[in-house]
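Chemist: Just one file: coords-v8.txt, with compact mmCIF, C-alpha atoms.
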# COMPACT_ATOMS: atom_id res chain seq x y z
CA ALA A 751 2.46 22.26 -5.52
CA SER A 752 6.11 21.27 -5.66
CA PRO A 753 7.52 19.69 -2.50
CA ALA A 754 10.18 22.16 -1.43
CA ASN A 755 11.73 19.53 0.80
CA ALA A 756 12.84 17.31 -2.09
CA VAL A 757 16.55 16.87 -2.69
CA GLU A 758 18.13 16.17 -6.05
CA SER A 759 20.19 13.02 -6.48
CA THR A 760 23.93 13.48 -6.88
CA GLY A 761 26.83 11.56 -8.30
CA ASN A 762 29.67 10.04 -6.33
CA SER A 763 33.36 9.84 -7.10
CA GLY A 764 33.37 6.18 -8.13
CA GLY A 765 32.05 4.32 -11.14
CA ASP A 766 28.45 4.59 -10.00
CA VAL A 767 25.83 7.31 -9.73
CA VAL A 768 23.28 7.82 -7.00
CA GLY A 769 19.65 8.02 -8.11
CA GLY A 770 17.11 8.84 -5.42
CA GLY A 771 19.66 7.77 -2.80
CA VAL A 772 20.41 4.38 -4.48
CA LYS A 773 23.81 3.58 -5.99
CA VAL A 774 23.33 2.54 -9.63
CA SER A 775 26.02 1.20 -11.98
CA LYS A 776 26.81 3.36 -14.99
CA ARG A 777 26.32 0.23 -17.08
CA ALA A 778 22.61 1.04 -16.98
CA GLY A 779 23.35 3.71 -19.61
CA GLY A 780 20.29 5.13 -21.35
CA LEU A 781 17.96 2.44 -20.03
CA ALA A 782 16.87 4.70 -17.18
CA GLN A 783 15.49 7.24 -19.64
CA LYS A 784 13.70 4.49 -21.58
CA ILE A 785 11.84 3.64 -18.40
CA ARG A 786 11.23 7.18 -17.16
CA GLY A 787 10.50 8.65 -20.59
CA GLY A 788 8.98 5.57 -22.22
CA VAL A 789 7.04 3.53 -19.67
CA CYS A 790 6.04 6.49 -17.48
CA PHE A 791 4.86 8.51 -20.46
CA LYS A 792 2.87 5.53 -21.77
CA MET A 793 1.25 5.24 -18.33
CA ASP A 794 0.27 8.91 -18.50
CA GLU A 795 -1.34 8.39 -21.91
CA LEU A 796 -3.15 5.33 -20.57
CA GLN A 797 -4.47 7.33 -17.60
CA ARG A 798 -5.79 10.01 -19.97
CA ASP A 799 -7.64 7.55 -22.20
CA LEU A 800 -8.91 5.41 -19.32
CA MET A 801 -10.29 8.36 -17.36
CA GLN A 802 -11.97 9.63 -20.52
CA GLU A 803 -13.38 6.12 -21.06
CA ARG A 804 -12.00 5.87 -24.58
CA TRP A 805 -12.51 2.13 -24.91
CA ASP A 806 -11.77 2.42 -28.62
CA LEU A 807 -8.20 3.50 -27.78
CA LEU A 808 -7.42 1.29 -24.77
CA GLY A 809 -6.99 -2.08 -26.49
CA PRO A 810 -3.36 -1.67 -27.66
CA TYR A 811 -1.96 -0.48 -24.31
CA PRO A 812 -1.29 -3.89 -22.67
CA ALA A 813 0.80 -5.07 -25.63
CA GLN A 814 2.61 -1.73 -25.82
CA LEU A 815 3.54 -1.97 -22.15
CA ARG A 816 4.60 -5.61 -22.47
CA SER A 817 7.10 -4.54 -25.13
CA TYR A 818 9.14 -2.99 -22.29
CA VAL A 819 9.78 -6.35 -20.55
CA SER A 820 13.31 -6.57 -21.96
CA VAL A 821 14.04 -2.97 -20.91
CA PHE A 822 13.11 -3.72 -17.30
CA THR A 823 15.12 -6.96 -17.32
CA THR A 824 18.20 -5.39 -18.87
CA TYR A 825 18.11 -2.38 -16.54
CA THR A 826 17.75 -4.59 -13.45
CA ASP A 827 20.80 -6.67 -14.36
CA ALA A 828 22.88 -3.74 -15.64
CA ALA A 829 22.19 -1.34 -12.77
CA PHE A 830 22.97 -3.85 -10.02
CA PRO A 831 25.38 -6.34 -11.64
CA SER A 832 27.60 -7.50 -8.78
CA ASP A 833 27.41 -10.58 -6.58
CA LEU A 834 27.29 -8.41 -3.45
CA PRO A 835 24.30 -9.15 -1.20
CA SER A 836 23.07 -5.57 -1.67
CA ASP A 837 22.93 -5.85 -5.48
CA TYR A 838 21.43 -9.34 -5.33
CA GLY A 839 18.72 -8.16 -2.93
CA LEU A 840 17.87 -5.22 -5.19
CA ARG A 841 17.63 -7.48 -8.26
CA VAL A 842 15.21 -9.77 -6.42
CA ALA A 843 13.08 -6.84 -5.26
CA LEU A 844 12.99 -5.29 -8.74
CA ARG A 845 12.05 -8.56 -10.41
CA TYR A 846 9.20 -8.92 -7.94
CA GLU A 847 7.85 -5.46 -8.76
CA VAL A 848 8.13 -6.12 -12.50
CA GLY A 849 6.21 -9.35 -12.05
CA ARG A 850 3.45 -7.60 -10.12
CA PHE A 851 3.35 -4.77 -12.67
CA PHE A 852 2.80 -7.13 -15.60
CA ALA A 853 0.28 -9.23 -13.64
CA SER A 854 -1.69 -6.00 -13.24
CA VAL A 855 -1.28 -5.29 -16.98
CA GLU A 856 -2.99 -8.62 -17.66
CA ARG A 857 -5.75 -7.65 -15.24
CA LEU A 858 -6.16 -4.40 -17.14
CA LYS A 859 -6.34 -6.31 -20.43
CA ARG A 860 -9.24 -8.42 -19.12
CA ALA A 861 -11.01 -5.34 -17.75
CA ILE A 862 -10.69 -3.56 -21.10
CA ALA A 863 -12.17 -6.57 -22.90
CA LYS A 864 -15.21 -6.43 -20.58
CA GLU A 865 -15.29 -2.61 -20.50
CA ASP A 866 -15.32 -2.89 -16.71
CA LEU A 867 -14.33 0.63 -15.62
CA ASP A 868 -13.94 -0.02 -11.87
CA GLU A 869 -11.79 -3.07 -12.50
CA ALA A 870 -9.71 -1.15 -15.04
CA PHE A 871 -9.13 1.67 -12.54
CA THR A 872 -8.01 -0.83 -9.88
CA ALA A 873 -5.66 -2.55 -12.33
CA TYR A 874 -4.21 0.78 -13.42
CA ALA A 875 -3.72 1.84 -9.79
CA ASP A 876 -1.85 -1.41 -9.05
CA MET A 877 0.28 -0.97 -12.17
CA SER A 878 1.15 2.56 -11.08
CA LEU A 879 2.02 1.45 -7.56
CA HIS A 880 4.35 -1.37 -8.65
CA LEU A 881 6.00 0.83 -11.28
CA ASP A 882 6.57 3.52 -8.65
CA ARG A 883 8.16 0.96 -6.34
CA TYR A 884 10.41 -0.21 -9.19
CA LEU A 885 11.48 3.39 -9.87
CA ARG A 886 12.19 3.98 -6.20
CA VAL A 887 14.05 0.74 -5.47
CA GLY A 888 15.89 0.95 -8.77
CA GLY A 889 17.32 4.41 -8.17
CA LEU A 890 15.30 5.89 -11.03
CA TYR A 891 13.95 8.86 -9.11
CA THR A 892 15.69 12.10 -10.02
CA TYR A 893 15.53 13.25 -6.40
CA TYR A 894 14.76 11.92 -2.94
CA ASP A 895 12.76 13.45 -0.13
CA SER A 896 14.85 14.35 2.91
CA VAL A 897 11.92 15.31 5.15
CA ILE A 898 9.88 12.52 6.72
CA ASP A 899 6.71 14.36 7.74
CA ASN A 900 5.16 17.48 6.21
CA GLU A 901 2.22 17.47 8.60
CA GLN A 902 4.21 19.33 11.25
CA PHE A 903 4.60 22.31 8.89
CA PHE A 904 0.83 22.79 8.64
CA GLN A 905 -0.06 22.37 12.32
CA GLU A 906 0.11 26.12 12.97
CA TYR A 907 -1.69 26.99 9.74
CA ASN A 908 -4.94 25.06 9.86
CA ASP A 909 -6.54 27.34 7.26
CA ALA A 910 -3.67 27.15 4.77
CA LEU A 911 -5.27 24.23 2.94
CA VAL A 912 -8.76 24.63 1.47
CA TYR A 913 -10.65 21.44 0.70
CA SER A 914 -13.92 19.57 0.96
CA ASP A 915 -14.61 17.40 4.02
CA PRO A 916 -13.15 13.99 3.02
CA ILE A 917 -15.54 12.15 5.36
CA LYS A 918 -18.79 13.77 4.24
CA ASP A 919 -17.70 14.16 0.61
CA PRO A 920 -15.02 11.53 -0.11
CA ALA A 921 -12.91 11.79 -3.24
CA GLU A 922 -13.54 9.37 -6.09
CA VAL A 923 -11.36 8.27 -8.99
CA ARG A 924 -10.61 11.26 -11.27
CA ASP A 925 -11.02 13.80 -8.46
CA LEU A 926 -8.23 16.34 -7.93
CA ILE A 927 -7.16 16.22 -4.29
CA VAL A 928 -4.88 17.70 -1.65
CA LEU A 929 -3.49 15.46 1.08
CA CYS A 930 -4.82 16.94 4.33
CA LYS A 931 -3.21 14.49 6.76
CA GLY A 932 -0.10 12.36 7.00
CA PRO A 933 3.55 12.88 6.04
CA ASP A 934 2.67 14.28 2.60
CA THR A 935 0.25 16.92 3.89
CA GLY A 936 -0.12 19.76 1.41
CA LYS A 937 0.86 17.80 -1.69
CA THR A 938 -1.65 17.70 -4.53
CA GLY A 939 -2.58 15.05 -7.05
CA ILE A 940 -5.38 12.97 -8.52
CA VAL A 941 -7.13 9.83 -7.27
CA ILE A 942 -6.39 6.98 -9.69
CA GLY A 943 -7.89 4.06 -7.80
CA LEU A 944 -9.94 2.92 -4.80
CA TYR A 945 -9.39 -0.28 -2.85
CA PRO A 946 -12.87 -1.66 -2.03
CA ASP A 947 -11.74 -3.55 1.05
CA ALA A 948 -11.57 -3.04 4.79
CA THR A 949 -8.64 -0.63 4.48
CA ASN A 950 -10.76 1.98 2.67
CA ASN A 951 -7.58 3.26 1.04
CA CYS A 952 -7.19 5.15 -2.22
CA VAL A 953 -4.28 5.45 -4.63
CA VAL A 954 -3.09 8.96 -5.41
CA LYS A 955 -0.82 10.07 -8.24
CA LEU A 956 0.91 13.20 -7.00
CA ASP A 957 1.42 16.18 -9.28
CA LYS A 958 4.64 16.27 -11.27
CA TYR A 959 7.85 17.38 -9.58
CA ARG A 960 11.18 17.39 -11.45
CA GLY A 961 9.67 15.17 -14.12
CA MET A 962 8.37 12.53 -11.70
CA ARG A 963 4.92 11.70 -10.33
CA GLU A 964 5.01 9.76 -7.10
CA ILE A 965 2.31 7.28 -6.09
CA ARG A 966 0.81 7.13 -2.60
CA VAL A 967 -1.64 4.71 -1.00
CA VAL A 968 -3.46 6.61 1.74
CA PRO A 969 -6.71 6.41 3.75
CA ARG A 970 -9.52 8.12 1.85
CA SER A 971 -9.90 10.46 4.83
CA TRP A 972 -6.46 11.89 3.97
CA ALA A 973 -7.29 12.68 0.33
CA ALA A 974 -9.58 15.71 0.22
CA LYS A 975 -11.15 17.16 -2.91
CA ARG A 976 -9.71 20.54 -3.81
CA LEU A 977 -12.16 23.44 -3.94
CA GLY A 978 -12.43 26.21 -6.49
CA GLU A 979 -11.31 26.32 -10.10
CA GLN A 980 -8.45 23.92 -10.79
CA ASP A 981 -6.20 23.25 -13.74
CA PRO A 982 -6.76 19.77 -15.20
CA ASP A 983 -4.38 16.95 -14.40
CA ASP A 984 -1.29 17.05 -16.61
CA VAL A 985 -2.21 13.89 -18.52
CA PHE A 986 -5.21 15.61 -20.08
CA LEU A 987 -2.86 18.11 -21.71
CA ILE A 988 -1.03 15.36 -23.62
CA PRO A 989 -2.13 15.63 -27.28
CA ARG A 990 -3.34 12.49 -28.97
CA LYS A 991 -1.49 11.39 -32.07
CA ALA A 992 -3.57 11.80 -35.22
CA THR A 993 -5.08 8.51 -36.35
CA LYS A 994 -5.16 7.51 -39.98
CA SER A 995 -8.64 7.41 -41.46
Rewrite the structure from the file as structure tokens, please.
Modeler:
Amino acid sequence: ASPANAVESTGNSGGDVVGGGVKVSKRAGGLAQKIRGGVCFKMDELQRDLMQERWDLLGPYPAQLRSYVSVFTTYTDAAFPSDLPSDYGLRVALRYEVGRFFASVERLKRAIAKEDLDEAFTAYADMSLHLDRYLRVGGLYTYYDSVIDNEQFFQEYNDALVYSDPIKDPAEVRDLIVLCKGPDTGKTGIVIGLYPDATNNCVVKLDKYRGMREIRVVPRSWAAKRLGEQDPDDVFLIPRKATKS
């Protein structure tokens, strides 16, 4: 379901453009597409192969993702190049997210070597979360959401959403879900990770909207399994490249 309350980003009259509400220097050039079209697509392929437990295909992913280090670094410095406190603060925040992303890539690499599925799911969820934060802080979203809380729209329509009881039948990784509580009520996606700690949170990758898939960390009681026949998550429709025999 596409969030009807999303607003496209627009340009301004100066030398910068606004992406997801963040002013980005035009010096960033085509680097934004390398991140959105390159890194994000590689993450989708990784999700497909990980959820299908294709250990024979997972080995190369950490190195492939590490090849984007220079793209992240160059974009960070090119998009926010000035000495203004605002640009400096954004560069620091983006470098932090990149660091956490690649720390999680290393965690994934170790999990793949051990064929530890739960650990691999957690690493992938953390990678997705830090990449999403980079996209958001870095003005790489193609739109921004102008409405704070969707829950109010569903208060008068309690039967509008059909789902399994998230307490009695909690969603697991790979389950297709609808968010039944919170500001994103009504949005659909897939569970990509569980945090086995006191928070009892899960990580949800929302369905694609305007080319983007947002990441949410929510209580498991907010992520309810969808009922009835469902189309598969988009990543499972990505064809695999033919391998040479």
Chemist: Which distance in Å separates CA of Leu944 (chain A) and CA of Val923 (chain A), to one decimal?
Modeler: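 Between CA of Leu944 (chain A) and CA of Val923 (chain A) the gap works out to 6.9 Å.
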Chemist: For region 916-946 of chain A versus region 972-978 of chain A, which residues have an atom no more than 10 Å away, and what is each residue's nearest atom pair and distance in Å rounded to one decimal, using all atoms listed in the file, chain-then-number order, as a tab-separated table?
Modeler:
residue	atom	partner	partner_atom	distance
A:Pro916	CA	A:Ala974	CA	4.9
A:Ile917	CA	A:Ala974	CA	8.6
A:Asp919	CA	A:Lys975	CA	8.0
A:Pro920	CA	A:Ala974	CA	6.9
A:Ala921	CA	A:Lys975	CA	5.7
A:Glu922	CA	A:Lys975	CA	8.7
A:Asp925	CA	A:Lys975	CA	6.5
A:Leu926	CA	A:Lys975	CA	5.9
A:Ile927	CA	A:Lys975	CA	4.3
A:Val928	CA	A:Ala974	CA	5.4
A:Leu929	CA	A:Ala973	CA	4.8
A:Cys930	CA	A:Trp972	CA	5.3
A:Lys931	CA	A:Trp972	CA	5.0
A:Gly932	CA	A:Trp972	CA	7.1
A:Asp934	CA	A:Trp972	CA	9.5
A:Thr935	CA	A:Trp972	CA	8.4
A:Lys937	CA	A:Ala973	CA	9.8
A:Thr938	CA	A:Arg976	CA	8.6
A:Gly939	CA	A:Ala973	CA	9.1
A:Ile940	CA	A:Ala973	CA	9.1
A:Val941	CA	A:Ala973	CA	8.1
Chemist: What is the distance between CA of Phe871 (chain A) and CA of Ser854 (chain A), in Å to one decimal?
Modeler: 10.7 Å
Chemist: Would you mind telling me which residue in A:Ala873, A:Leu881, A:Ala863, A:Val887 lies nearest to Gly839 (chain A) when using all atoms listed in the file?
Modeler: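 Selected residue with least distance to Gly839 (chain A): A:Val887.
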Chemist: Of the candidates A:Gln980, A:Leu885, A:Ala813, A:Ala861, which shows the shortest atom-to-atom distance to Tyr913 (chain A), using only C-alpha atoms?
Modeler: A:Gln980
Chemist: CA of Leu781 (chain A) and CA of Gly943 (chain A), how far apart in Å?
Modeler: 28.6 Å
Chemist: Could the residues of region 780-844 of chain A that have an atom at most 12 Å from region 956-963 of chain A be listed as JSON lines, each with its closest atom pair and the distance in Å to one decimal, counting only C-alpha atoms and ordered by chain and ascending residue number?
Modeler:
{"residue": "A:Gln783", "atom": "CA", "partner": "A:Gly961", "partner_atom": "CA", "distance": 11.3}
{"residue": "A:Ile785", "atom": "CA", "partner": "A:Met962", "partner_atom": "CA", "distance": 11.7}
{"residue": "A:Arg786", "atom": "CA", "partner": "A:Met962", "partner_atom": "CA", "distance": 8.2}
{"residue": "A:Gly787", "atom": "CA", "partner": "A:Gly961", "partner_atom": "CA", "distance": 9.2}
{"residue": "A:Cys790", "atom": "CA", "partner": "A:Met962", "partner_atom": "CA", "distance": 8.7}
{"residue": "A:Phe791", "atom": "CA", "partner": "A:Met962", "partner_atom": "CA", "distance": 10.3}
{"residue": "A:Met793", "atom": "CA", "partner": "A:Arg963", "partner_atom": "CA", "distance": 10.9}
{"residue": "A:Asp794", "atom": "CA", "partner": "A:Arg963", "partner_atom": "CA", "distance": 9.8}
Chemist: Measuring atom to atom with all atoms listed in the file, identify which of A:Tyr884, A:Tyr846, A:Tyr945, A:Tyr874 is nearest to Met801 (chain A).
Modeler: A:Tyr874
Chemist: Which is closer to Ile965 (chain A) than all the others in A:Asp833, A:Glu979, A:Asp806, A:Asp882, using only C-alpha atoms?
Modeler: A:Asp882
Chemist: With 9 Å as the threshold, what does the neighbourhood of (11.8, -0.3, -1.4) contain in terms of residues, counting all atoms listed in the file? Coordinates are those of the file; answer as a PyMOL selection string.
Modeler: chain A and resi 840+843-844+883-884+886-888
Chemist: Using only C-alpha atoms, which of the listed residues (A:Val821, A:Ala870, A:Ala948, A:Ile988) sits closest to Pro969 (chain A)?
Modeler: A:Ala948
